Amino acid sequence: MKAGAALSMLLLLGVLVAAAQVASGPSILSGVFTAAQAKRGNDAYQASCSGCHGGDLRATDAEAVDLTGPAFRVKWTGKTLEERFETIRDTMPLGNANTLGDKTYMDILAFILQFNDFPPGNQELVPETAKVIVFVPRP
C-alpha cells in the first residue's frame, strides 16, 4: 500500500511539474526532439550503448541500468534534460566517457525519450533548450 501511495504522489508531482512547465517553457510532452534526431540516436545507441543497456533499453549487464520502465521514470523524474545529457555524456560509454560528441549524446537522449513514448516535434533537442526541459512521466 505504501508503494502505491508513493507512486501516486510521484505521478501527481509529475503532472504538476508538467503543468508548470507548459506555462514557463517547452514541455517534454509537446515534442522537444525530431524523429530524424531520434533515428540518429537509435543508430548511435545500438552501436555504443546496447552492449550494456540492451537493444530494448533493458540492461543486459548487471552494472548497467534500464533506460525504460518504472525504475527509469523514478530516476529521471524532476531532472532537466540537460542533467540527463550531462550524466550520459560524462559517464558513457563506460571507461570511454565523453567520446561521442555532444550532438551524438543529444541524439541518443532523443532516442531514449522516443523509445519511452515521448512524441517528436519540429525542433532538434539542443543543449540550450535541454536546460529548461524537465523530465516528467507520461500521464
# chains A, B, ... in the order shown; residues from 1 in each chain; ligands from 1
>>> residues_around(residues="segment 38-42 of chain A", least_positions_apart="6", cutoff="9 Å", atoms="only C-alpha atoms", output="PyMOL selection string")
chain A and resi 104-115+120
>>> write_last_selection(atoms="C-alpha atoms", output="short mmCIF file (atom, residue, chain, number, x, y, z; two decimals), in the first residue's frame")
data_model
loop_
_atom_site.label_atom_id
_atom_site.label_comp_id
_atom_site.auth_asym_id
_atom_site.auth_seq_id
_atom_site.Cartn_x
_atom_site.Cartn_y
_atom_site.Cartn_z
CA THR A 104 25.57 12.33 -30.71
CA TYR A 105 24.80 12.32 -26.99
CA MET A 106 21.81 14.61 -27.63
CA ASP A 107 20.67 12.25 -30.40
CA ILE A 108 20.90 9.29 -28.00
CA LEU A 109 18.87 11.23 -25.43
CA ALA A 110 16.24 11.90 -28.11
CA PHE A 111 16.12 8.18 -28.90
CA ILE A 112 15.67 7.29 -25.22
CA LEU A 113 12.79 9.76 -24.99
CA GLN A 114 11.14 8.45 -28.16
CA PHE A 115 11.53 4.83 -27.01
CA PRO A 120 8.84 14.02 -31.56
#
>>> residues_around(residues="segment 58-66 of chain A", least_positions_apart="5", cutoff="12 Å", atoms="only C-alpha atoms", output="list in words")
Cys49, Ser50, Gly51, Cys52, His53, Ala71, Phe72, Arg73, Val74, Lys75, Trp76, Ile88, Thr91, Met92, Pro93, Leu94, Ile112, Phe115 and Asn116 of chain A
>>> write_last_selection(atoms="N, CA and C atoms", output="mmCIF file, in the first residue's frame")
data_model
loop_
_atom_site.group_PDB
_atom_site.id
_atom_site.type_symbol
_atom_site.label_atom_id
_atom_site.label_comp_id
_atom_site.auth_asym_id
_atom_site.auth_seq_id
_atom_site.Cartn_x
_atom_site.Cartn_y
_atom_site.Cartn_z
ATOM 1 N N CYS A 49 25.856 1.737 -26.969
ATOM 2 C CA CYS A 49 25.221 1.599 -25.657
ATOM 3 C C CYS A 49 24.537 0.248 -25.437
ATOM 4 N N SER A 50 24.060 -0.357 -26.509
ATOM 5 C CA SER A 50 23.221 -1.541 -26.364
ATOM 6 C C SER A 50 23.956 -2.750 -25.790
ATOM 7 N N GLY A 51 25.273 -2.771 -25.882
ATOM 8 C CA GLY A 51 26.026 -3.887 -25.328
ATOM 9 C C GLY A 51 25.803 -4.049 -23.836
ATOM 10 N N CYS A 52 25.581 -2.953 -23.131
ATOM 11 C CA CYS A 52 25.331 -2.999 -21.678
ATOM 12 C C CYS A 52 23.871 -2.705 -21.335
ATOM 13 N N HIS A 53 23.276 -1.729 -22.049
ATOM 14 C CA HIS A 53 21.916 -1.291 -21.726
ATOM 15 C C HIS A 53 20.855 -2.032 -22.528
ATOM 16 N N ALA A 71 11.649 2.002 -12.918
ATOM 17 C CA ALA A 71 12.873 2.487 -12.245
ATOM 18 C C ALA A 71 13.483 3.647 -13.012
ATOM 19 N N PHE A 72 13.452 3.569 -14.334
ATOM 20 C CA PHE A 72 13.935 4.662 -15.189
ATOM 21 C C PHE A 72 13.137 5.932 -14.920
ATOM 22 N N ARG A 73 11.813 5.819 -14.918
ATOM 23 C CA ARG A 73 10.964 7.007 -14.718
ATOM 24 C C ARG A 73 11.221 7.645 -13.356
ATOM 25 N N VAL A 74 11.357 6.831 -12.325
ATOM 26 C CA VAL A 74 11.610 7.374 -10.994
ATOM 27 C C VAL A 74 12.948 8.108 -10.962
ATOM 28 N N LYS A 75 13.969 7.506 -11.544
ATOM 29 C CA LYS A 75 15.308 8.111 -11.507
ATOM 30 C C LYS A 75 15.373 9.410 -12.316
ATOM 31 N N TRP A 76 14.631 9.501 -13.411
ATOM 32 C CA TRP A 76 14.700 10.668 -14.289
ATOM 33 C C TRP A 76 13.719 11.774 -13.920
ATOM 34 N N ILE A 88 24.868 11.277 -19.011
ATOM 35 C CA ILE A 88 25.176 10.304 -20.073
ATOM 36 C C ILE A 88 26.533 10.633 -20.694
ATOM 37 N N THR A 91 29.638 9.997 -18.346
ATOM 38 C CA THR A 91 29.868 8.650 -17.797
ATOM 39 C C THR A 91 29.846 7.529 -18.829
ATOM 40 N N MET A 92 29.387 7.811 -20.030
ATOM 41 C CA MET A 92 29.209 6.756 -21.037
ATOM 42 C C MET A 92 29.948 7.068 -22.334
ATOM 43 N N PRO A 93 30.347 6.047 -23.044
ATOM 44 C CA PRO A 93 30.370 4.635 -22.680
ATOM 45 C C PRO A 93 31.325 4.388 -21.507
ATOM 46 N N LEU A 94 30.978 3.402 -20.704
ATOM 47 C CA LEU A 94 31.759 3.083 -19.519
ATOM 48 C C LEU A 94 33.232 2.904 -19.888
ATOM 49 N N ILE A 112 16.181 7.806 -26.490
ATOM 50 C CA ILE A 112 15.672 7.289 -25.218
ATOM 51 C C ILE A 112 14.278 7.857 -24.942
ATOM 52 N N PHE A 115 11.773 6.216 -27.405
ATOM 53 C CA PHE A 115 11.531 4.832 -27.013
ATOM 54 C C PHE A 115 10.543 4.771 -25.847
ATOM 55 N N ASN A 116 10.596 5.771 -24.980
ATOM 56 C CA ASN A 116 9.716 5.833 -23.819
ATOM 57 C C ASN A 116 8.416 6.580 -24.116
#
>>> atom_distance(atom1="atom CA of Val32 of chain A", atom2="atom CA of Val132 of chain A")
10.9 Å
>>> closest_residue(among="A:Glu83, A:Lys103, A:Lys131, A:Tyr45", to="Leu67 of chain A", atoms="only C-alpha atoms")
A:Tyr45
>>> select_by_dssp(residues="chain A", states="alpha helix (DSSP H)", output="count of residues only")
77
>>> closest_residue(among="A:Leu100, A:Leu81, A:Ser48, A:Thr34", to="Ile133 of chain A", atoms="only C-alpha atoms")
A:Leu81
>>> closest_residue(among="A:Gly69, A:Gly25, A:Gly95, A:Pro127", to="Leu57 of chain A", atoms="only C-alpha atoms")
A:Gly69
